[in-house]
>>> print(open('model-v4.cif').read())   # mmCIF, C-alpha atoms
data_work
loop_
_atom_site.label_atom_id
_atom_site.label_comp_id
_atom_site.auth_asym_id
_atom_site.auth_seq_id
_atom_site.Cartn_x
_atom_site.Cartn_y
_atom_site.Cartn_z
CA MET A 1 0.00 0.00 0.00
CA LYS A 2 2.74 2.36 1.07
CA ALA A 3 4.80 1.47 -1.98
CA ALA A 4 1.84 2.13 -4.25
CA LEU A 5 1.32 5.54 -2.62
CA LEU A 6 4.97 6.42 -3.06
CA ALA A 7 4.82 5.33 -6.67
CA LEU A 8 1.75 7.51 -7.19
CA VAL A 9 3.49 10.56 -5.68
CA ALA A 10 6.60 9.91 -7.74
CA LEU A 11 4.48 9.61 -10.84
CA GLY A 12 2.72 12.87 -10.01
CA VAL A 13 5.99 14.72 -9.47
CA PHE A 14 7.38 13.28 -12.67
CA GLY A 15 4.24 14.21 -14.57
CA LEU A 16 4.24 17.80 -13.31
CA ALA A 17 7.88 18.27 -14.21
CA ALA A 18 6.80 19.27 -17.72
CA CYS A 19 4.63 22.08 -16.37
CA GLY A 20 7.56 24.38 -15.60
CA GLU A 21 7.67 27.81 -17.24
CA SER A 22 11.06 27.77 -18.84
CA GLU A 23 11.94 30.55 -21.32
CA GLN A 24 10.72 29.63 -24.79
CA VAL A 25 12.50 32.38 -26.73
CA VAL A 26 16.14 33.14 -27.21
CA VAL A 27 17.22 36.03 -25.02
CA TYR A 28 19.54 38.37 -26.87
CA LYS A 29 22.71 39.25 -25.06
CA GLN A 30 24.36 42.47 -26.12
CA GLY A 31 27.69 41.63 -27.72
CA LYS A 32 30.79 43.59 -26.91
CA TYR A 33 32.60 45.41 -29.67
CA GLN A 34 35.65 43.38 -30.57
CA GLY A 35 37.36 45.77 -32.97
CA LYS A 36 39.88 48.56 -32.74
CA PRO A 37 39.14 51.73 -30.76
CA ASP A 38 38.16 54.80 -32.74
CA GLY A 39 39.18 58.41 -32.20
CA ARG A 40 36.74 61.21 -31.49
CA PRO A 41 36.25 63.97 -34.04
CA TRP A 42 37.01 66.81 -31.63
CA GLU A 43 40.38 65.32 -30.74
CA ASN A 44 41.76 66.38 -34.14
CA ASP A 45 43.28 69.67 -35.13
CA PRO A 46 41.00 71.72 -37.35
CA LEU A 47 42.12 71.87 -40.97
CA ALA A 48 44.00 74.98 -42.06
CA ALA A 49 41.18 75.94 -44.38
CA GLY A 50 37.87 74.92 -42.90
CA PRO A 51 35.71 75.02 -39.80
CA LYS A 52 37.47 75.91 -36.57
CA TRP A 53 37.20 74.47 -33.06
CA THR A 54 39.51 74.01 -30.11
CA LYS A 55 41.34 70.71 -30.26
CA GLY A 56 40.10 68.34 -27.57
CA ASP A 57 37.17 70.56 -26.62
CA GLN A 58 33.99 68.64 -27.35
CA ALA A 59 31.76 71.63 -26.64
CA SER A 60 33.48 73.87 -29.19
CA TRP A 61 33.30 71.13 -31.84
CA GLU A 62 29.60 70.66 -31.12
CA THR A 63 29.02 74.41 -31.38
CA GLN A 64 30.75 74.41 -34.74
CA ILE A 65 28.67 71.43 -35.93
CA LYS A 66 25.48 73.10 -34.74
CA THR A 67 26.35 76.31 -36.60
CA ARG A 68 26.97 74.27 -39.70
CA ASN A 69 23.76 72.35 -39.09
CA LEU A 70 21.75 75.55 -39.09
CA ALA A 71 23.10 76.38 -42.55
CA GLN A 72 20.64 73.73 -43.74
CA HIS A 73 17.82 75.89 -42.39
CA GLU A 74 17.11 78.17 -45.33
CA HIS A 75 14.40 80.13 -43.52
CA ARG A 76 16.98 81.38 -41.06
CA ARG A 77 19.94 81.36 -43.42
CA ILE A 78 18.29 83.46 -46.12
CA TYR A 79 15.55 85.52 -44.46
CA GLN A 80 17.20 86.38 -41.17
CA MET B 1 24.43 67.05 -28.31
CA ALA B 2 21.76 64.58 -29.30
CA ARG B 3 22.32 61.74 -31.71
CA MET B 4 23.37 62.25 -35.31
CA LYS B 5 20.46 61.52 -37.64
CA PHE B 6 19.31 61.85 -41.23
CA LEU B 7 15.88 63.15 -42.14
CA CYS B 8 14.56 63.21 -45.72
CA ASP B 9 11.65 65.43 -46.63
CA ALA B 10 9.60 63.59 -49.27
CA GLU B 11 7.85 66.84 -50.25
CA ARG B 12 11.15 68.32 -51.33
CA CYS B 13 13.12 65.44 -52.79
CA ILE B 14 13.20 65.77 -56.57
CA GLU B 15 14.99 62.46 -57.22
CA CYS B 16 18.05 64.21 -58.64
CA ASN B 17 20.35 61.60 -57.08
CA GLY B 18 22.76 64.38 -56.16
CA CYS B 19 23.16 62.85 -52.69
CA VAL B 20 24.07 59.50 -54.22
CA THR B 21 26.63 61.13 -56.47
CA ALA B 22 28.06 63.24 -53.67
CA CYS B 23 28.52 60.16 -51.50
CA LYS B 24 30.13 58.17 -54.30
CA SER B 25 32.48 61.01 -55.10
CA GLU B 26 33.35 61.98 -51.54
CA HIS B 27 34.31 58.48 -50.45
CA GLU B 28 35.38 57.01 -53.78
CA VAL B 29 32.95 54.17 -53.23
CA PRO B 30 33.65 51.23 -55.57
CA TRP B 31 31.49 50.25 -58.49
CA GLY B 32 28.42 48.26 -57.42
CA VAL B 33 28.29 49.62 -53.89
CA ASN B 34 25.73 52.31 -53.07
CA ARG B 35 25.91 53.67 -49.60
CA ARG B 36 22.96 55.91 -50.40
CA ARG B 37 20.14 55.59 -52.89
CA VAL B 38 16.94 57.37 -53.81
CA VAL B 39 13.72 55.36 -53.60
CA THR B 40 10.67 56.55 -55.55
CA ILE B 41 7.14 55.33 -55.04
CA ASN B 42 4.18 55.85 -57.39
CA ASP B 43 6.65 56.64 -60.14
CA GLY B 44 4.98 58.65 -62.88
CA VAL B 45 1.65 59.03 -61.09
CA ALA B 46 0.81 62.73 -61.12
CA GLY B 47 0.62 64.18 -57.62
CA ALA B 48 1.37 60.87 -55.95
CA GLU B 49 5.02 60.40 -56.83
CA LYS B 50 7.28 60.71 -53.82
CA SER B 51 10.98 60.17 -53.48
CA ILE B 52 13.13 59.68 -50.44
CA SER B 53 16.86 59.34 -50.03
CA VAL B 54 17.82 56.28 -47.97
CA ALA B 55 21.09 55.17 -46.40
CA CYS B 56 22.06 53.79 -43.02
CA MET B 57 19.70 55.42 -40.51
CA HIS B 58 22.16 54.96 -37.64
CA CYS B 59 19.46 53.29 -35.56
CA SER B 60 19.32 53.87 -31.83
CA ASP B 61 18.89 50.12 -31.33
CA ALA B 62 20.59 48.88 -34.46
CA PRO B 63 19.60 45.36 -35.62
CA CYS B 64 22.90 44.98 -37.49
CA MET B 65 24.75 45.32 -34.19
CA ALA B 66 22.48 42.72 -32.62
CA VAL B 67 23.00 40.04 -35.28
CA CYS B 68 26.70 40.49 -36.05
CA PRO B 69 28.40 37.21 -35.08
CA VAL B 70 31.82 38.82 -34.73
CA ASP B 71 30.63 41.99 -32.94
CA CYS B 72 32.34 44.32 -35.37
CA PHE B 73 29.82 47.16 -34.90
CA TYR B 74 30.13 50.02 -32.47
CA LYS B 75 28.40 53.29 -31.81
CA THR B 76 30.24 56.58 -31.44
CA ALA B 77 29.53 59.18 -28.79
CA ASP B 78 27.40 61.01 -31.38
CA GLY B 79 25.23 57.96 -32.05
CA VAL B 80 26.81 57.04 -35.38
CA VAL B 81 26.81 53.29 -36.08
CA LEU B 82 30.16 52.21 -37.51
CA HIS B 83 31.98 48.93 -38.01
CA ASP B 84 35.48 47.55 -38.15
CA LYS B 85 36.25 46.14 -41.59
CA ASP B 86 39.27 44.28 -40.27
CA LEU B 87 36.90 42.21 -38.17
CA CYS B 88 33.97 41.87 -40.58
CA ILE B 89 33.70 38.43 -42.18
CA GLY B 90 31.22 39.49 -44.87
CA CYS B 91 28.59 36.96 -43.74
CA GLY B 92 25.68 39.20 -44.73
CA TYR B 93 23.63 38.78 -41.55
CA CYS B 94 23.50 42.55 -41.13
CA PHE B 95 22.04 42.89 -44.62
CA TYR B 96 19.18 40.55 -43.71
CA ALA B 97 18.62 42.32 -40.39
CA CYS B 98 18.65 45.88 -41.73
CA PRO B 99 15.17 47.19 -42.62
CA PHE B 100 16.71 49.79 -44.95
CA GLY B 101 19.04 47.60 -47.01
CA ALA B 102 21.95 49.76 -45.91
CA PRO B 103 24.77 47.19 -45.71
CA GLN B 104 26.43 46.73 -49.09
CA PHE B 105 28.84 44.05 -50.21
CA PRO B 106 31.34 44.56 -52.99
CA GLN B 107 31.25 41.64 -55.40
CA ALA B 108 33.87 40.51 -57.85
CA GLY B 109 34.67 37.59 -60.10
CA ALA B 110 32.54 35.20 -62.10
CA PHE B 111 31.05 33.65 -58.96
CA GLY B 112 30.23 36.92 -57.24
CA LEU B 113 32.76 36.66 -54.45
CA ARG B 114 31.48 38.77 -51.61
CA GLY B 115 33.70 41.24 -49.83
CA LYS B 116 33.47 42.89 -46.46
CA MET B 117 30.45 44.95 -45.64
CA ASP B 118 30.42 48.62 -46.59
CA LYS B 119 27.83 51.15 -45.50
CA CYS B 120 27.17 54.82 -44.85
CA THR B 121 29.45 56.08 -42.10
CA PHE B 122 27.67 59.42 -41.62
CA CYS B 123 30.96 60.71 -43.04
CA ALA B 124 32.59 59.70 -39.74
CA GLY B 125 35.22 57.29 -41.08
CA GLY B 126 35.98 54.22 -39.00
CA PRO B 127 38.35 52.72 -36.46
CA GLU B 128 41.57 53.97 -38.03
CA ALA B 129 43.50 57.14 -37.28
CA ASP B 130 41.21 60.05 -38.13
CA ARG B 131 41.79 61.56 -41.60
CA SER B 132 44.47 58.98 -42.36
CA GLU B 133 45.02 57.27 -45.70
CA ALA B 134 44.01 53.91 -44.19
CA GLU B 135 40.75 55.35 -42.93
CA PHE B 136 39.95 56.88 -46.30
CA ARG B 137 40.72 53.66 -48.15
CA LYS B 138 38.52 51.52 -45.92
CA TYR B 139 35.73 53.81 -44.83
CA GLY B 140 35.94 57.00 -46.85
CA ARG B 141 36.45 60.56 -45.78
CA ASN B 142 35.97 61.59 -42.16
CA ARG B 143 34.11 64.86 -42.52
CA LEU B 144 33.02 64.98 -38.87
CA ALA B 145 36.70 65.09 -37.91
CA GLU B 146 36.96 68.09 -40.25
CA GLY B 147 34.10 69.83 -38.45
CA LYS B 148 31.73 69.20 -41.34
CA LEU B 149 28.48 67.30 -41.82
CA PRO B 150 27.73 64.47 -44.27
CA ALA B 151 28.35 65.46 -47.90
CA CYS B 152 24.99 64.13 -49.10
CA ALA B 153 23.00 66.40 -46.78
CA GLU B 154 25.23 69.43 -47.15
CA MET B 155 25.05 69.48 -50.93
CA CYS B 156 21.35 68.57 -51.30
CA SER B 157 20.04 71.22 -53.68
CA THR B 158 16.51 71.40 -52.30
CA LYS B 159 17.61 70.73 -48.71
CA ALA B 160 15.27 67.73 -48.70
CA LEU B 161 17.93 65.68 -46.99
CA LEU B 162 18.90 67.02 -43.59
CA GLY B 163 21.74 65.50 -41.61
CA GLY B 164 23.21 66.32 -38.23
CA ASP B 165 22.18 66.67 -34.62
CA GLY B 166 18.75 65.03 -34.37
CA ASP B 167 17.29 67.86 -32.26
CA VAL B 168 18.48 70.56 -34.65
CA ILE B 169 17.25 68.90 -37.83
CA ALA B 170 13.93 68.05 -36.19
CA ASP B 171 13.50 71.75 -35.34
CA ILE B 172 14.38 72.72 -38.93
CA TYR B 173 11.85 70.25 -40.30
CA ARG B 174 9.15 71.29 -37.85
CA GLU B 175 9.50 74.97 -38.68
CA ARG B 176 9.52 74.18 -42.38
CA VAL B 177 6.31 72.15 -42.18
CA LEU B 178 4.57 74.85 -40.18
CA ARG B 179 5.54 77.48 -42.75
CA ARG B 180 4.66 75.61 -45.86
CA GLY B 181 1.22 74.43 -44.83
CA LYS B 182 -0.30 71.56 -46.72
CA GLY B 183 -1.58 70.59 -50.15
CA SER B 184 -0.81 73.20 -52.80
CA GLU B 185 0.65 75.47 -50.12
CA VAL B 186 3.64 73.22 -49.70
CA TRP B 187 7.02 74.73 -50.24
CA GLY B 188 7.88 74.92 -53.90
CA TRP B 189 4.56 75.90 -55.43
CA GLY B 190 4.52 79.42 -54.08
CA THR B 191 8.17 79.92 -54.92
CA ALA B 192 7.70 78.75 -58.49
CA TYR B 193 4.29 80.19 -59.34
CA GLY B 194 3.56 82.88 -56.79
CA PRO B 195 1.20 82.83 -53.85
CA GLY B 196 -1.95 82.08 -55.90
CA LYS B 197 -3.71 78.76 -56.00
CA PRO B 198 -3.08 76.32 -58.85
CA GLY B 199 -5.06 77.38 -61.93
CA ALA B 200 -5.47 80.97 -60.72
CA GLN B 201 -5.17 83.64 -63.42
CA PRO B 202 -2.53 86.38 -63.11
CA PRO B 203 -3.84 89.82 -62.23
CA ALA B 204 -4.74 92.11 -65.14
CA GLY B 205 -1.75 93.98 -66.51
CA ALA B 206 0.76 91.66 -64.89
CA LYS B 207 3.87 91.01 -66.88
CA SER B 208 4.89 87.42 -67.47
#
>>> encode(input="model-v4.cif", output="structure tokens")
Amino acid sequence: MKAALLALVALGVFGLAACGESEQVVVYKQGKYQGKPDGRPWENDPLAAGPKWTKGDQASWETQIKTRNLAQHEHRRIYQ
Amino acid sequence: MARMKFLCDAERCIECNGCVTACKSEHEVPWGVNRRRVVTINDGVAGAEKSISVACMHCSDAPCMAVCPVDCFYKTADGVVLHDKDLCIGCGYCFYACPFGAPQFPQAGAFGLRGKMDKCTFCAGGPEADRSEAEFRKYGRNRLAEGKLPACAEMCSTKALLGGDGDVIADIYRERVLRRGKGSEVWGWGTAYGPGKPGAQPPAGAKS
């Protein structure tokens, strides 16, 4: 009797083992860049003839880029 | 600074392919590789034809970066998606993942041997010394390191293609849309034909 009960419990546990909620989809793990490091644009000297910024100063480079960006705004560029 | 982005105004693009030519010329892109192209829908249908210039959109969550088996992609501080050609194995996964068809593969030989991936760099070069010969040969010119913006956007004749700081170009576009209105009021009609509505007659005594 006891053995039959144990067998029944074991069977139940075994049967419920399939009811787990394991992940069904592949979880993407962000890869790490494996290549060479790249320089930053503001770390270069400005060209002799061309836009000017202070070497190494990100803010001055961004200001220069923004000024140049606004040249694409013809309403301000032409009608100002 | 926000992220570097492109924005193409379909109301302005006239399918001149000037951006494509500028890109080809600026970077000396090889035959068969188009980092930028102009897509036209409803070609030839009056009033419904629209064109848009497409290249790498430098996605915030780039699918090419996600699928690359050798992790050769990286993102710069300005949000430009670039890759290392020394690491690329030319498998083409990024081409399948990209919704814009941006990754290009140079082909050669009778059996179409596929080379390493090439794509728009937002004129930011790649992982070589900035403005060096090696960088130019592999990735093209690094205009950002010259304090300039992408050649395609800067030379666009109708300024349909805007490129640069996402916040700035969004403001430009927003102001433009507010000014031009809609329908026949869109930018271009008034400039070409005056402020009248299409089909309106010129005032009496007006010189042509």
>>> atom_distance(input="model-v4.cif", atom1="atom CA of Thr63 of chain A", atom2="atom CA of Pro51 of chain A")
10.8 Å
>>> resolve_selection(input="model-v4.cif", expression="the PyMOL selection byres ((chain A) within 8 of (chain B))", output="MDAnalysis selection string")
chainID A and resid 28 30:42 44 46:47 50:53 61:62 64:66 68:70 72:73 75
>>> write_last_selection(input="model-v4.cif", atoms="C-alpha atoms", output="mmCIF file, in the frame of the given file")
data_model
loop_
_atom_site.group_PDB
_atom_site.id
_atom_site.type_symbol
_atom_site.label_atom_id
_atom_site.label_comp_id
_atom_site.auth_asym_id
_atom_site.auth_seq_id
_atom_site.Cartn_x
_atom_site.Cartn_y
_atom_site.Cartn_z
ATOM 1 C CA TYR A 28 19.540 38.370 -26.870
ATOM 2 C CA GLN A 30 24.360 42.470 -26.120
ATOM 3 C CA GLY A 31 27.690 41.630 -27.720
ATOM 4 C CA LYS A 32 30.790 43.590 -26.910
ATOM 5 C CA TYR A 33 32.600 45.410 -29.670
ATOM 6 C CA GLN A 34 35.650 43.380 -30.570
ATOM 7 C CA GLY A 35 37.360 45.770 -32.970
ATOM 8 C CA LYS A 36 39.880 48.560 -32.740
ATOM 9 C CA PRO A 37 39.140 51.730 -30.760
ATOM 10 C CA ASP A 38 38.160 54.800 -32.740
ATOM 11 C CA GLY A 39 39.180 58.410 -32.200
ATOM 12 C CA ARG A 40 36.740 61.210 -31.490
ATOM 13 C CA PRO A 41 36.250 63.970 -34.040
ATOM 14 C CA TRP A 42 37.010 66.810 -31.630
ATOM 15 C CA ASN A 44 41.760 66.380 -34.140
ATOM 16 C CA PRO A 46 41.000 71.720 -37.350
ATOM 17 C CA LEU A 47 42.120 71.870 -40.970
ATOM 18 C CA GLY A 50 37.870 74.920 -42.900
ATOM 19 C CA PRO A 51 35.710 75.020 -39.800
ATOM 20 C CA LYS A 52 37.470 75.910 -36.570
ATOM 21 C CA TRP A 53 37.200 74.470 -33.060
ATOM 22 C CA TRP A 61 33.300 71.130 -31.840
ATOM 23 C CA GLU A 62 29.600 70.660 -31.120
ATOM 24 C CA GLN A 64 30.750 74.410 -34.740
ATOM 25 C CA ILE A 65 28.670 71.430 -35.930
ATOM 26 C CA LYS A 66 25.480 73.100 -34.740
ATOM 27 C CA ARG A 68 26.970 74.270 -39.700
ATOM 28 C CA ASN A 69 23.760 72.350 -39.090
ATOM 29 C CA LEU A 70 21.750 75.550 -39.090
ATOM 30 C CA GLN A 72 20.640 73.730 -43.740
ATOM 31 C CA HIS A 73 17.820 75.890 -42.390
ATOM 32 C CA HIS A 75 14.400 80.130 -43.520
#
>>> atom_distance(input="model-v4.cif", atom1="atom CA of Glu26 of chain B", atom2="atom CA of Phe122 of chain B")
11.7 Å
>>> resolve_selection(input="model-v4.cif", expression="the PyMOL selection byres ((chain A and resi 56) around 7)", output="number ranges by chain")
A: 42-43, 54-55, 57-58
>>> resolve_selection(input="model-v4.cif", expression="the PyMOL selection byres ((chain B and resi 140) around 10)", output="list in words")
Cys23, Lys24, Ser25, Glu26, His27, Glu28, Val29, Cys120, Thr121, Cys123, Ala124, Gly125, Gly126, Arg131, Ser132, Glu133, Ala134, Glu135, Phe136, Arg137, Lys138, Tyr139, Arg141, Asn142 and Arg143 of chain B
>>> atom_distance(input="model-v4.cif", atom1="atom CA of Asp118 of chain B", atom2="atom CA of Ala151 of chain B")
17.0 Å
>>> closest_residue(input="model-v4.cif", among="B:Gly109, B:Gly90, B:Gly79, B:Gly101", to="Arg3 of chain B", atoms="all atoms listed in the file")
B:Gly79
>>> residues_around(input="model-v4.cif", residues="Arg36 of chain B", least_positions_apart="3", cutoff="6 Å", atoms="all atoms listed in the file", output="MDAnalysis selection string")
chainID B and resid 20 54:55
>>> closest_residue(input="model-v4.cif", among="B:Cys64, B:Ala97, B:Lys50, B:Pro103", to="Asn34 of chain B", atoms="only C-alpha atoms")
B:Pro103
>>> closest_residue(input="model-v4.cif", among="B:Ile41, B:Ala102, B:Pro30, B:Gly47", to="Ala62 of chain B", atoms="only C-alpha atoms")
B:Ala102
>>> axis_aligned_box(input="model-v4.cif", around="segment 37-46 of chain A", padding_each_side="3 Å", output="AutoDock Vina command-line options")
--center_x 39.8 --center_y 61.7 --center_z -34.0 --size_x 13.0 --size_y 26.0 --size_z 12.6
